[in-house]
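What's in data_30.txt: compact mmCIF, C-alpha atoms (C1' of nucleotides)
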```txt
# COMPACT_ATOMS: atom_id res chain seq x y z
CA MET A 27 0.00 0.00 0.00
CA ASP A 28 1.52 3.29 -1.04
CA LYS A 29 1.38 5.55 1.93
CA ARG A 30 1.15 8.70 -0.11
CA ASP A 31 -2.11 8.08 -1.88
CA ARG A 32 -3.74 5.44 0.28
CA GLN A 33 -3.59 7.21 3.58
CA PHE A 34 -5.40 5.14 6.15
CA HIS A 35 -6.94 6.78 9.14
CA THR A 36 -8.76 5.25 12.04
CA TYR A 37 -12.43 5.79 12.25
CA ARG A 38 -11.78 8.43 14.88
CA GLY A 39 -9.17 9.99 12.69
CA TYR A 40 -11.62 10.53 9.87
CA GLN A 41 -14.10 12.02 12.25
CA LYS A 42 -11.56 14.55 13.41
CA ILE A 43 -10.63 15.52 9.87
CA LYS A 44 -14.28 15.92 9.05
CA GLN A 45 -14.95 18.07 12.09
CA GLU A 46 -12.19 20.44 11.18
CA LYS A 47 -13.99 21.17 7.95
CA THR A 48 -17.60 21.23 8.99
CA ARG A 49 -17.62 22.21 12.64
CA LEU A 50 -20.47 19.79 13.20
CA THR A 51 -19.86 16.54 15.05
CA PRO A 52 -21.97 13.46 14.26
CA SER A 53 -23.79 14.02 17.49
CA MET A 54 -24.58 17.61 16.63
CA GLU A 55 -25.84 16.48 13.26
CA ASP A 56 -28.22 14.13 15.00
CA TYR A 57 -29.53 16.88 17.19
CA LEU A 58 -29.89 19.33 14.35
CA GLU A 59 -31.63 16.84 12.12
CA MET A 60 -34.10 16.01 14.87
CA ILE A 61 -34.69 19.68 15.64
CA TYR A 62 -35.38 20.24 11.97
CA ARG A 63 -37.81 17.33 11.77
CA HIS A 64 -39.74 18.60 14.69
CA CYS A 65 -39.64 22.29 13.84
CA LYS A 66 -40.96 21.67 10.35
CA GLY A 67 -44.30 20.92 11.94
CA GLU A 68 -44.45 22.87 15.18
CA GLY A 69 -42.00 25.66 14.50
CA HIS A 70 -40.16 24.94 17.72
CA VAL A 71 -39.23 22.16 20.10
CA ARG A 72 -38.49 21.85 23.80
CA ILE A 73 -35.47 20.35 25.51
CA TYR A 74 -37.44 17.55 27.10
CA GLN A 75 -38.92 16.60 23.75
CA LEU A 76 -35.49 16.30 22.18
CA SER A 77 -34.33 14.34 25.17
CA ASP A 78 -37.17 11.97 24.54
CA LEU A 79 -36.81 11.76 20.77
CA LEU A 80 -33.07 11.26 20.86
CA ASN A 81 -33.05 8.95 23.85
CA VAL A 82 -30.57 10.98 25.83
CA GLN A 83 -30.87 12.75 29.14
CA ALA A 84 -31.90 16.39 29.29
CA PRO A 85 -28.54 17.77 30.41
CA SER A 86 -26.92 16.39 27.29
CA VAL A 87 -29.52 18.15 25.21
CA THR A 88 -29.09 21.46 27.00
CA ARG A 89 -25.38 21.41 26.40
CA THR A 90 -25.59 20.48 22.75
CA VAL A 91 -28.35 22.99 22.03
CA GLN A 92 -26.22 25.66 23.64
CA ARG A 93 -23.39 24.72 21.33
CA LEU A 94 -25.64 24.81 18.29
CA ALA A 95 -26.75 28.26 19.44
CA GLU A 96 -23.11 29.39 19.62
CA LEU A 97 -22.69 28.19 16.06
CA GLY A 98 -25.67 30.26 15.03
CA LEU A 99 -27.77 27.29 13.98
CA VAL A 100 -30.53 27.62 16.56
CA ASP A 101 -32.07 30.40 18.59
CA TYR A 102 -32.24 29.45 22.20
CA GLU A 103 -32.50 31.22 25.50
CA LYS A 104 -32.47 29.51 28.85
CA TYR A 105 -35.70 27.75 29.68
CA GLY A 106 -37.10 28.76 26.31
CA LEU A 107 -38.05 27.16 23.04
CA VAL A 108 -35.55 25.81 20.55
CA LYS A 109 -35.98 27.33 17.10
CA LEU A 110 -33.93 27.08 13.95
CA THR A 111 -32.10 30.03 12.46
CA GLN A 112 -32.10 30.40 8.71
CA GLU A 113 -28.72 28.71 8.48
CA GLY A 114 -29.82 25.98 10.88
CA GLU A 115 -32.85 25.35 8.75
CA ARG A 116 -30.74 25.16 5.63
CA ILE A 117 -28.37 22.60 7.13
CA GLY A 118 -31.13 20.70 8.88
CA ARG A 119 -32.92 20.23 5.59
CA ILE A 120 -29.77 18.87 3.98
CA LEU A 121 -29.24 16.49 6.86
CA LEU A 122 -32.76 15.17 6.66
CA GLU A 123 -32.55 14.76 2.92
CA ARG A 124 -29.35 12.84 3.31
CA HIS A 125 -30.98 10.62 5.88
CA ILE A 126 -33.93 9.91 3.63
CA LEU A 127 -31.68 9.20 0.67
CA ILE A 128 -29.62 6.63 2.51
CA GLU A 129 -32.61 5.09 4.18
CA SER A 130 -34.32 4.73 0.83
CA PHE A 131 -31.29 3.07 -0.67
CA LEU A 132 -30.81 0.60 2.14
CA SER A 133 -34.46 -0.17 2.03
CA LYS A 134 -34.26 -0.91 -1.68
CA ILE A 135 -31.49 -3.43 -1.25
CA GLY A 136 -33.44 -5.14 1.48
CA VAL A 137 -32.50 -3.76 4.88
CA ARG A 138 -35.52 -3.93 7.15
CA ASP A 139 -35.08 -4.32 10.88
CA ALA A 140 -31.85 -2.40 11.09
CA LEU A 141 -32.99 0.26 8.66
CA LEU A 142 -33.06 3.19 11.04
CA ARG A 143 -29.94 2.11 12.81
CA ASP A 144 -27.89 1.54 9.68
CA THR A 145 -29.05 4.75 8.09
CA GLU A 146 -28.12 6.64 11.21
CA MET A 147 -24.72 5.01 11.19
CA ILE A 148 -23.88 5.76 7.62
CA GLU A 149 -25.29 9.21 7.17
CA HIS A 150 -22.84 11.12 9.30
CA ASN A 151 -19.82 9.68 7.70
CA ILE A 152 -20.36 9.23 4.05
CA SER A 153 -18.55 11.49 1.62
CA VAL A 154 -20.21 13.75 -0.87
CA GLU A 155 -19.01 11.42 -3.59
CA GLY A 156 -20.45 8.39 -1.85
CA LEU A 157 -23.72 10.15 -1.39
CA ARG A 158 -23.82 11.16 -5.03
CA SER A 159 -23.16 7.59 -6.10
CA ILE A 160 -25.95 6.32 -3.95
CA GLU A 161 -28.24 9.00 -5.24
CA PHE A 162 -27.48 8.08 -8.83
CA PHE A 163 -27.87 4.41 -8.18
CA ASN A 164 -31.12 5.09 -6.41
CA SER A 165 -32.63 6.87 -9.34
CA TYR A 166 -31.31 4.25 -11.70
CA LEU A 167 -33.13 1.64 -9.67
CA ASP A 168 -36.24 3.77 -9.64
CA ASP A 169 -36.14 4.15 -13.40
CA ASN A 170 -35.57 0.42 -13.91
CA PRO A 171 -37.89 -1.30 -11.49
CA HIS A 172 -37.33 -4.70 -13.06
CA ILE A 173 -33.88 -4.81 -11.49
CA LEU A 174 -35.16 -4.89 -7.96
CA LYS A 175 -37.92 -7.27 -8.92
CA GLU A 176 -35.35 -9.66 -10.28
CA PHE A 177 -33.26 -9.12 -7.18
CA GLU A 178 -36.18 -10.30 -5.08
CA GLU A 179 -36.40 -13.46 -7.19
CA TYR A 180 -32.69 -13.89 -6.86
CA LYS A 181 -32.88 -13.69 -3.08
CA LYS A 182 -35.70 -16.18 -2.94
CA SER A 183 -33.85 -18.58 -5.19
CA ARG A 184 -31.00 -18.48 -2.68
CA GLY A 185 -33.25 -19.20 0.23
CA TYR A 186 -33.28 -15.80 1.81
CA MET B 28 -43.14 8.25 14.79
CA ASP B 29 -44.15 5.67 17.37
CA LYS B 30 -41.56 5.78 20.10
CA ARG B 31 -41.97 2.16 21.03
CA ASP B 32 -40.87 0.54 17.80
CA ARG B 33 -38.91 3.29 16.10
CA GLN B 34 -36.46 4.06 18.85
CA PHE B 35 -34.07 6.71 17.64
CA HIS B 36 -30.63 6.90 19.10
CA THR B 37 -27.90 9.37 18.42
CA TYR B 38 -24.94 8.19 16.52
CA ARG B 39 -23.07 8.01 19.80
CA GLY B 40 -25.92 6.14 21.36
CA TYR B 41 -25.72 3.36 18.80
CA GLN B 42 -22.00 3.12 19.31
CA LYS B 43 -22.51 2.62 23.00
CA ILE B 44 -25.14 -0.05 22.47
CA LYS B 45 -22.86 -1.80 20.06
CA GLN B 46 -19.91 -1.70 22.43
CA GLU B 47 -21.92 -3.33 25.17
CA LYS B 48 -22.46 -6.32 22.96
CA THR B 49 -19.17 -6.69 21.21
CA ARG B 50 -16.60 -5.22 23.57
CA LEU B 51 -14.80 -3.80 20.54
CA THR B 52 -14.95 -0.08 19.82
CA PRO B 53 -14.65 1.19 16.24
CA SER B 54 -11.15 2.24 17.02
CA MET B 55 -10.19 -1.18 18.30
CA GLU B 56 -11.68 -2.69 15.17
CA ASP B 57 -9.43 -0.47 13.09
CA TYR B 58 -6.39 -1.55 15.00
CA LEU B 59 -7.29 -5.21 14.90
CA GLU B 60 -8.04 -5.15 11.21
CA MET B 61 -4.71 -3.51 10.50
CA ILE B 62 -2.87 -5.95 12.73
CA TYR B 63 -4.53 -8.78 10.87
CA ARG B 64 -3.61 -7.34 7.47
CA HIS B 65 -0.02 -7.03 8.47
CA CYS B 66 0.32 -10.29 10.37
CA LYS B 67 -1.07 -12.28 7.47
CA GLY B 68 2.21 -11.62 5.72
CA GLU B 69 4.83 -11.15 8.39
CA GLY B 70 3.32 -13.03 11.30
CA HIS B 71 3.81 -10.05 13.58
CA VAL B 72 3.90 -6.30 13.61
CA ARG B 73 5.60 -3.60 15.68
CA ILE B 74 4.08 -0.65 17.47
CA TYR B 75 5.83 1.89 15.29
CA GLN B 76 4.56 0.19 12.16
CA LEU B 77 0.98 0.36 13.36
CA SER B 78 1.53 3.94 14.34
CA ASP B 79 2.58 4.61 10.80
CA LEU B 80 -0.09 2.57 9.07
CA LEU B 81 -2.91 3.97 11.17
CA ASN B 82 -1.65 7.53 11.21
CA VAL B 83 -1.70 7.85 14.96
CA GLN B 84 1.06 8.43 17.47
CA ALA B 85 2.85 5.53 19.10
CA PRO B 86 1.44 6.04 22.60
CA SER B 87 -2.08 5.62 21.27
CA VAL B 88 -1.02 2.36 19.69
CA THR B 89 0.63 1.06 22.84
CA ARG B 90 -2.49 1.70 24.84
CA THR B 91 -4.87 0.13 22.37
CA VAL B 92 -2.67 -2.89 21.83
CA GLN B 93 -2.55 -3.37 25.58
CA ARG B 94 -6.33 -3.33 25.66
CA LEU B 95 -6.55 -5.83 22.82
CA ALA B 96 -4.15 -8.00 24.80
CA GLU B 97 -6.41 -7.79 27.85
CA LEU B 98 -9.27 -8.94 25.65
CA GLY B 99 -7.21 -11.91 24.54
CA LEU B 100 -7.07 -10.85 20.91
CA VAL B 101 -3.34 -10.27 20.63
CA ASP B 102 -0.23 -11.52 22.37
CA TYR B 103 1.91 -8.66 23.45
CA GLU B 104 4.61 -8.04 25.98
CA LYS B 105 6.27 -4.71 26.60
CA TYR B 106 8.74 -3.74 23.92
CA GLY B 107 7.89 -6.88 22.03
CA LEU B 108 6.14 -7.94 18.83
CA VAL B 109 2.40 -7.79 18.34
CA LYS B 110 0.93 -11.13 17.33
CA LEU B 111 -2.62 -12.32 16.91
CA THR B 112 -4.14 -14.96 19.14
CA GLN B 113 -6.40 -17.52 17.54
CA GLU B 114 -9.45 -15.51 18.53
CA GLY B 115 -7.84 -12.30 17.34
CA GLU B 116 -7.11 -13.90 14.03
CA ARG B 117 -10.66 -15.12 13.70
CA ILE B 118 -12.11 -11.67 14.37
CA GLY B 119 -9.47 -9.90 12.33
CA ARG B 120 -10.33 -12.00 9.33
CA ILE B 121 -14.00 -11.18 9.69
CA LEU B 122 -13.19 -7.48 9.95
CA LEU B 123 -11.06 -7.52 6.85
CA GLU B 124 -13.69 -9.46 4.92
CA ARG B 125 -16.28 -6.93 5.96
CA HIS B 126 -14.04 -4.14 4.82
CA ILE B 127 -13.49 -5.75 1.44
CA LEU B 128 -17.18 -6.47 1.02
CA ILE B 129 -18.20 -2.89 1.61
CA GLU B 130 -15.37 -1.50 -0.43
CA SER B 131 -16.30 -3.73 -3.31
CA PHE B 132 -19.90 -2.64 -3.14
CA LEU B 133 -19.14 1.07 -3.01
CA SER B 134 -16.73 0.62 -5.84
CA LYS B 135 -19.42 -1.08 -7.94
CA ILE B 136 -21.82 1.79 -7.54
CA GLY B 137 -19.13 4.23 -8.51
CA VAL B 138 -17.33 5.53 -5.46
CA ARG B 139 -13.72 6.28 -6.37
CA ASP B 140 -11.82 9.01 -4.55
CA ALA B 141 -13.55 8.53 -1.23
CA LEU B 142 -13.54 4.76 -1.46
CA LEU B 143 -11.21 4.03 1.42
CA ARG B 144 -12.68 6.73 3.58
CA ASP B 145 -16.30 5.76 3.01
CA THR B 146 -15.61 2.10 3.50
CA GLU B 147 -13.83 2.84 6.73
CA MET B 148 -16.74 4.92 7.87
CA ILE B 149 -19.43 2.42 7.13
CA GLU B 150 -17.79 -0.80 8.15
CA HIS B 151 -17.74 -0.30 11.88
CA ASN B 152 -21.31 0.57 12.13
CA ILE B 153 -23.35 -1.46 9.78
CA SER B 154 -25.61 -4.16 11.15
CA VAL B 155 -25.36 -7.80 10.30
CA GLU B 156 -28.56 -7.43 8.35
CA GLY B 157 -27.21 -4.49 6.39
CA LEU B 158 -24.05 -6.36 5.64
CA ARG B 159 -26.01 -9.37 4.48
CA SER B 160 -28.09 -7.21 2.19
CA ILE B 161 -25.04 -5.67 0.66
CA GLU B 162 -23.47 -9.07 0.27
CA PHE B 163 -26.52 -10.38 -1.52
CA PHE B 164 -26.78 -7.37 -3.71
CA ASN B 165 -23.12 -7.63 -4.50
CA SER B 166 -23.38 -11.16 -5.75
CA TYR B 167 -26.54 -10.32 -7.63
CA LEU B 168 -24.62 -7.61 -9.43
CA ASP B 169 -21.75 -9.99 -10.06
CA ASP B 170 -24.10 -12.56 -11.53
CA ASN B 171 -25.81 -9.98 -13.70
CA PRO B 172 -23.07 -7.81 -15.08
CA HIS B 173 -25.39 -6.12 -17.58
CA ILE B 174 -26.94 -4.16 -14.72
CA LEU B 175 -23.80 -2.26 -13.91
CA LYS B 176 -23.02 -1.84 -17.57
CA GLU B 177 -26.38 -0.22 -18.08
CA PHE B 178 -25.81 1.83 -14.96
CA GLU B 179 -22.67 3.24 -16.54
CA GLU B 180 -24.68 4.20 -19.63
CA TYR B 181 -27.29 5.73 -17.41
CA LYS B 182 -24.72 7.86 -15.64
CA LYS B 183 -23.22 9.03 -18.89
CA SER B 184 -26.62 9.93 -20.28
CA ARG B 185 -27.09 12.16 -17.24
CA GLY B 186 -23.84 13.93 -17.75
CA TYR B 187 -21.88 12.35 -14.92
C1' DT C 30 -50.50 33.88 45.63
C1' DT C 31 -48.55 30.04 47.06
C1' DC C 32 -47.37 25.48 46.33
C1' DA C 33 -46.87 21.33 43.43
C1' DT C 34 -45.41 19.77 39.24
C1' DA C 35 -43.08 20.15 35.05
C1' DT C 36 -39.12 21.58 32.80
C1' DA C 37 -34.24 23.03 32.44
C1' DT C 38 -29.63 24.03 34.12
C1' DT C 39 -25.34 23.41 36.58
C1' DA C 40 -21.71 20.89 38.44
C1' DG C 41 -19.17 17.21 38.21
C1' DC C 42 -18.08 12.20 36.97
C1' DC C 43 -16.82 8.64 33.39
C1' DT C 44 -14.87 6.67 29.07
C1' DT C 45 -12.78 6.81 24.62
C1' DA C 46 -9.31 8.17 21.96
C1' DG C 47 -6.62 11.45 20.18
C1' DG C 48 -2.23 14.34 21.38
C1' DT C 49 2.93 15.82 23.50
C1' DA C 50 7.04 15.54 26.42
C1' DA C 51 9.90 12.98 29.06
C1' DT C 52 11.69 8.62 30.13
C1' DA C 53 12.97 3.80 29.49
C1' DC C 54 14.32 -0.04 27.19
C1' DT C 55 16.80 -2.50 22.96
C1' DT C 56 19.65 -2.91 19.27
C1' DT C 57 23.26 -1.61 16.44
C1' DT C 58 27.61 0.11 15.60
C1' DG C 59 32.23 2.11 16.11
C1' DC D 30 31.37 -2.61 25.53
C1' DA D 31 29.85 2.04 25.48
C1' DA D 32 27.37 5.38 23.07
C1' DA D 33 24.01 6.45 19.60
C1' DA D 34 19.95 5.40 17.25
C1' DG D 35 15.72 3.19 17.19
C1' DT D 36 11.61 1.78 19.46
C1' DA D 37 8.18 1.85 23.24
C1' DT D 38 6.21 3.40 27.56
C1' DT D 39 4.55 6.48 31.05
C1' DA D 40 2.42 10.48 32.69
C1' DC D 41 -0.44 13.83 31.68
C1' DC D 42 -3.51 16.99 28.69
C1' DT D 43 -7.68 17.74 25.72
C1' DA D 44 -12.36 17.25 23.78
C1' DA D 45 -16.69 15.03 22.95
C1' DG D 46 -20.54 13.17 24.64
C1' DG D 47 -22.78 10.21 27.59
C1' DC D 48 -24.47 10.07 32.72
C1' DT D 49 -26.52 11.43 37.74
C1' DA D 50 -27.65 14.47 41.55
C1' DA D 51 -28.69 18.79 43.04
C1' DT D 52 -30.54 23.10 42.01
C1' DA D 53 -33.19 26.60 39.54
C1' DT D 54 -36.97 28.37 37.02
C1' DA D 55 -41.73 28.31 35.06
C1' DT D 56 -46.41 27.22 35.11
C1' DG D 57 -50.94 25.74 36.45
C1' DA D 58 -54.31 24.80 40.14
C1' DA D 59 -56.26 25.38 44.76
```

Output the file's structure as structure tokens, nothing else.
Amino acid sequence: MDKRDRQFHTYRGYQKIKQEKTRLTPSMEDYLEMIYRHCKGEGHVRIYQLSDLLNVQAPSVTRTVQRLAELGLVDYEKYGLVKLTQEGERIGRILLERHILIESFLSKIGVRDALLRDTEMIEHNISVEGLRSIEFFNSYLDDNPHILKEFEEYKKSRGY
Amino acid sequence: MDKRDRQFHTYRGYQKIKQEKTRLTPSMEDYLEMIYRHCKGEGHVRIYQLSDLLNVQAPSVTRTVQRLAELGLVDYEKYGLVKLTQEGERIGRILLERHILIESFLSKIGVRDALLRDTEMIEHNISVEGLRSIEFFNSYLDDNPHILKEFEEYKKSRGY
DNA sequence: TTCATATATTAGCCTTAGGTAATACTTTTG
DNA sequence: CAAAAGTATTACCTAAGGCTAATATATGAA
């Protein structure tokens, strides 16, 4: 393996590189995506709701929301309502779209029980290129439905 | 979203759940996979080599190797050579196979520049079900090469 | 309006996994 | 065989992101 062009990094290493560029950790992406989901309907969300939706304790939410506020992605004042800024809304929408895209792809190739979990796991880490490939492949599959039909047959024939 | 059956967890949350079951963190998986890769040829590997291959500093390697030794996955004594135990070899092989499987899949659907990075990112987190789906889809694509050929046409026709 | 309940914050702990600087072994070499 | 070079360890720092317990604020009902 040529070190120069096949630079390996640990999982953690890639995360750090990514953070330097985006300023959003995977965890923050989770929070922001969930805030976006909820705010689309209600316009705002409370700490305890996020705590519930994300399955974390309230203090973790408070801290992360405060950080998102520092980054200008949400408006939040102590004991108040969490609302998205324009920028937060923009990014939140992208995050949700990414989630849906990956989920849809995994679903197409047959992931069922672990769908949410696997989507969640992949979405924060995939590159723009990877996402684009999946997107393309997705629409290819949509435009050629016989492929997935035949895939189903194929699976059955192998005793899945 | 019904809370009971669509339990959302943050990215971090899933990692924690996973760790409880497997006792191997993503980082440890990286180390073990790399140790396996290297030991397949040489039979052993040194701390400084891992440090180099994984792009982390030596002290991080020492610590993680010591943990892997505690878990019975490698044989290691201070200042010595890192070698795989039988169990470590077994798991290392699985990890490398998983890596290759995902890499192969991403490559098929067109990921190029980010191939190593995206593979690395996905492999530690995907479920057994997700992996199985990808595996199936992979062999389906292998058995039906016209699909990917047409996919290439499709991409071209869309100005990729 | 006061008190109970609901909601949120603060303080502080834990673990992982990176990092550096200083130190300790090991091996090679003159 | 002693010193230099190579390799590894220890001690300690940092940050993220979980957690709990204690405290603070807000709100609704008697």

Please identify all residues of chain A having at least one atom at most 8 Å from any atom of chain C, considering only C-alpha atoms (C1' of nucleotides), and return them as a ChimeraX atom specification. /A:38,73-74,84-85,88,104-105

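Going from atom CA of Gly137 of chain B to atom CA of Ser159 of chain A covers 5.8 Å.
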
Determine, for each residue of chain B having at least one atom at most 12 Å from an atom of chain D, the closest pair of atoms and their separation in Å to one decimal, counting all atoms listed in the file; order by chain and ascending number, as CSV.
```
residue,atom,partner,partner_atom,distance
B:Thr37,CA,D:DG46,C1',10.4
B:Tyr38,CA,D:DG46,C1',10.5
B:Arg39,CA,D:DG46,C1',7.5
B:Gly40,CA,D:DG47,C1',8.1
B:Tyr41,CA,D:DG47,C1',11.5
B:Gln42,CA,D:DG47,C1',10.9
B:Lys43,CA,D:DG47,C1',8.9
B:Ile44,CA,D:DG47,C1',11.7
B:Arg73,CA,D:DT36,C1',8.9
B:Ile74,CA,D:DA37,C1',7.5
B:Tyr75,CA,D:DT36,C1',7.1
B:Gln76,CA,D:DT36,C1',10.3
B:Ser78,CA,D:DA37,C1',11.3
B:Gln84,CA,D:DA37,C1',11.3
B:Ala85,CA,D:DA37,C1',7.7
B:Pro86,CA,D:DT38,C1',7.4
B:Ser87,CA,D:DT38,C1',10.6
B:Val88,CA,D:DA37,C1',9.9
B:Thr89,CA,D:DA37,C1',7.6
B:Arg90,CA,D:DT38,C1',9.3
B:Val92,CA,D:DA37,C1',11.9
B:Gln93,CA,D:DT38,C1',11.2
B:Glu104,CA,D:DA37,C1',10.9
B:Lys105,CA,D:DA37,C1',7.6
B:Tyr106,CA,D:DA37,C1',5.7
B:Gly107,CA,D:DA37,C1',8.8
B:Leu108,CA,D:DA37,C1',10.9
```

Distance in Å - atom CA of His125 of chain A versus atom CA of Glu149 of chain A: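 Atom CA of His125 of chain A sits 6.0 Å away from atom CA of Glu149 of chain A.
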
How close does each residue of chain B get to chain A, giving the shortest atom pair and distance in Å to one decimal for every residue with an atom at most 8 Å away, counting only C-alpha atoms, sorted by chain and residue number, as a tab-separated table?
```
residue	atom	partner	partner_atom	distance
B:Lys30	CA	A:Leu79	CA	7.7
B:Arg33	CA	A:Leu142	CA	7.7
B:Gln34	CA	A:Asn81	CA	7.8
B:Phe35	CA	A:Leu80	CA	5.7
B:His36	CA	A:Leu80	CA	5.3
B:Thr37	CA	A:Asp56	CA	5.9
B:Tyr38	CA	A:Ser53	CA	6.0
B:Arg39	CA	A:Ser53	CA	6.5
B:Tyr41	CA	A:Arg143	CA	7.4
B:Pro53	CA	A:Tyr37	CA	6.5
B:Ser54	CA	A:Tyr37	CA	6.1
B:Asp57	CA	A:Thr36	CA	5.9
B:Tyr58	CA	A:Thr36	CA	7.8
B:Leu80	CA	A:Phe34	CA	6.6
B:Leu81	CA	A:His35	CA	5.3
B:Asn82	CA	A:His35	CA	5.7
B:Val83	CA	A:His35	CA	7.9
B:Leu133	CA	A:Gly156	CA	7.5
B:Ile136	CA	A:Ser159	CA	6.1
B:Gly137	CA	A:Ser159	CA	5.8
B:Val138	CA	A:Gly156	CA	5.6
B:Arg139	CA	A:Glu155	CA	7.9
B:Asp140	CA	A:Glu155	CA	7.6
B:Ala141	CA	A:Ser153	CA	6.5
B:Leu142	CA	A:Gly156	CA	7.8
B:Leu143	CA	A:Phe34	CA	7.6
B:Arg144	CA	A:Tyr40	CA	7.4
B:Asp145	CA	A:Ile152	CA	5.4
B:Glu147	CA	A:Tyr37	CA	6.4
B:Met148	CA	A:Asn151	CA	5.7
B:Ile149	CA	A:Ile148	CA	5.6
B:Asn152	CA	A:Met147	CA	5.7
B:Ile153	CA	A:Asp144	CA	5.4
B:Ser154	CA	A:Asp144	CA	6.3
B:Glu156	CA	A:Val137	CA	6.4
B:Gly157	CA	A:Val137	CA	5.5
B:Ser160	CA	A:Gly136	CA	5.8
B:Ile161	CA	A:Ile135	CA	7.1
B:Phe163	CA	A:Lys181	CA	7.3
B:Phe164	CA	A:Ile135	CA	6.6
B:Tyr167	CA	A:Phe177	CA	6.8
B:Ile174	CA	A:Ile173	CA	7.7
B:Phe178	CA	A:Tyr166	CA	6.8
B:Tyr181	CA	A:Tyr166	CA	7.1
B:Lys182	CA	A:Phe162	CA	7.4
```

Please save C-alpha atoms of the selected residues as a PDB file, in the coordinates of the input.
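Output (out14.pdb):
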```
ATOM      1  CA  LYS B  30     -41.560   5.780  20.100  1.00  0.00           C
ATOM      2  CA  ARG B  33     -38.910   3.290  16.100  1.00  0.00           C
ATOM      3  CA  GLN B  34     -36.460   4.060  18.850  1.00  0.00           C
ATOM      4  CA  PHE B  35     -34.070   6.710  17.640  1.00  0.00           C
ATOM      5  CA  HIS B  36     -30.630   6.900  19.100  1.00  0.00           C
ATOM      6  CA  THR B  37     -27.900   9.370  18.420  1.00  0.00           C
ATOM      7  CA  TYR B  38     -24.940   8.190  16.520  1.00  0.00           C
ATOM      8  CA  ARG B  39     -23.070   8.010  19.800  1.00  0.00           C
ATOM      9  CA  TYR B  41     -25.720   3.360  18.800  1.00  0.00           C
ATOM     10  CA  PRO B  53     -14.650   1.190  16.240  1.00  0.00           C
ATOM     11  CA  SER B  54     -11.150   2.240  17.020  1.00  0.00           C
ATOM     12  CA  ASP B  57      -9.430  -0.470  13.090  1.00  0.00           C
ATOM     13  CA  TYR B  58      -6.390  -1.550  15.000  1.00  0.00           C
ATOM     14  CA  LEU B  80      -0.090   2.570   9.070  1.00  0.00           C
ATOM     15  CA  LEU B  81      -2.910   3.970  11.170  1.00  0.00           C
ATOM     16  CA  ASN B  82      -1.650   7.530  11.210  1.00  0.00           C
ATOM     17  CA  VAL B  83      -1.700   7.850  14.960  1.00  0.00           C
ATOM     18  CA  LEU B 133     -19.140   1.070  -3.010  1.00  0.00           C
ATOM     19  CA  ILE B 136     -21.820   1.790  -7.540  1.00  0.00           C
ATOM     20  CA  GLY B 137     -19.130   4.230  -8.510  1.00  0.00           C
ATOM     21  CA  VAL B 138     -17.330   5.530  -5.460  1.00  0.00           C
ATOM     22  CA  ARG B 139     -13.720   6.280  -6.370  1.00  0.00           C
ATOM     23  CA  ASP B 140     -11.820   9.010  -4.550  1.00  0.00           C
ATOM     24  CA  ALA B 141     -13.550   8.530  -1.230  1.00  0.00           C
ATOM     25  CA  LEU B 142     -13.540   4.760  -1.460  1.00  0.00           C
ATOM     26  CA  LEU B 143     -11.210   4.030   1.420  1.00  0.00           C
ATOM     27  CA  ARG B 144     -12.680   6.730   3.580  1.00  0.00           C
ATOM     28  CA  ASP B 145     -16.300   5.760   3.010  1.00  0.00           C
ATOM     29  CA  GLU B 147     -13.830   2.840   6.730  1.00  0.00           C
ATOM     30  CA  MET B 148     -16.740   4.920   7.870  1.00  0.00           C
ATOM     31  CA  ILE B 149     -19.430   2.420   7.130  1.00  0.00           C
ATOM     32  CA  ASN B 152     -21.310   0.570  12.130  1.00  0.00           C
ATOM     33  CA  ILE B 153     -23.350  -1.460   9.780  1.00  0.00           C
ATOM     34  CA  SER B 154     -25.610  -4.160  11.150  1.00  0.00           C
ATOM     35  CA  GLU B 156     -28.560  -7.430   8.350  1.00  0.00           C
ATOM     36  CA  GLY B 157     -27.210  -4.490   6.390  1.00  0.00           C
ATOM     37  CA  SER B 160     -28.090  -7.210   2.190  1.00  0.00           C
ATOM     38  CA  ILE B 161     -25.040  -5.670   0.660  1.00  0.00           C
ATOM     39  CA  PHE B 163     -26.520 -10.380  -1.520  1.00  0.00           C
ATOM     40  CA  PHE B 164     -26.780  -7.370  -3.710  1.00  0.00           C
ATOM     41  CA  TYR B 167     -26.540 -10.320  -7.630  1.00  0.00           C
ATOM     42  CA  ILE B 174     -26.940  -4.160 -14.720  1.00  0.00           C
ATOM     43  CA  PHE B 178     -25.810   1.830 -14.960  1.00  0.00           C
ATOM     44  CA  TYR B 181     -27.290   5.730 -17.410  1.00  0.00           C
ATOM     45  CA  LYS B 182     -24.720   7.860 -15.640  1.00  0.00           C
TER      46      LYS B 182
END
```

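Separating atom CA of Lys67 of chain B from atom CA of Ala96 of chain B is a distance of 18.1 Å.
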
Extract, using all atoms listed in the file, all DNA, RNA and protein residues at most 12 Å from Gly98 of chain A, discarding same-chain residues fewer than 4 positions from it, and format them as an MDAnalysis selection string. chainID A and resid 49:50 58 91:94 102 109:117

Can I get the selected residues back with C-alpha atoms, as a compact mmCIF listing (two decimals), in the coordinates of the input?
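Dumped everything to result15.txt:
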```txt
# COMPACT_ATOMS: atom_id res chain seq x y z
CA ARG A 49 -17.62 22.21 12.64
CA LEU A 50 -20.47 19.79 13.20
CA LEU A 58 -29.89 19.33 14.35
CA VAL A 91 -28.35 22.99 22.03
CA GLN A 92 -26.22 25.66 23.64
CA ARG A 93 -23.39 24.72 21.33
CA LEU A 94 -25.64 24.81 18.29
CA TYR A 102 -32.24 29.45 22.20
CA LYS A 109 -35.98 27.33 17.10
CA LEU A 110 -33.93 27.08 13.95
CA THR A 111 -32.10 30.03 12.46
CA GLN A 112 -32.10 30.40 8.71
CA GLU A 113 -28.72 28.71 8.48
CA GLY A 114 -29.82 25.98 10.88
CA GLU A 115 -32.85 25.35 8.75
CA ARG A 116 -30.74 25.16 5.63
CA ILE A 117 -28.37 22.60 7.13
```
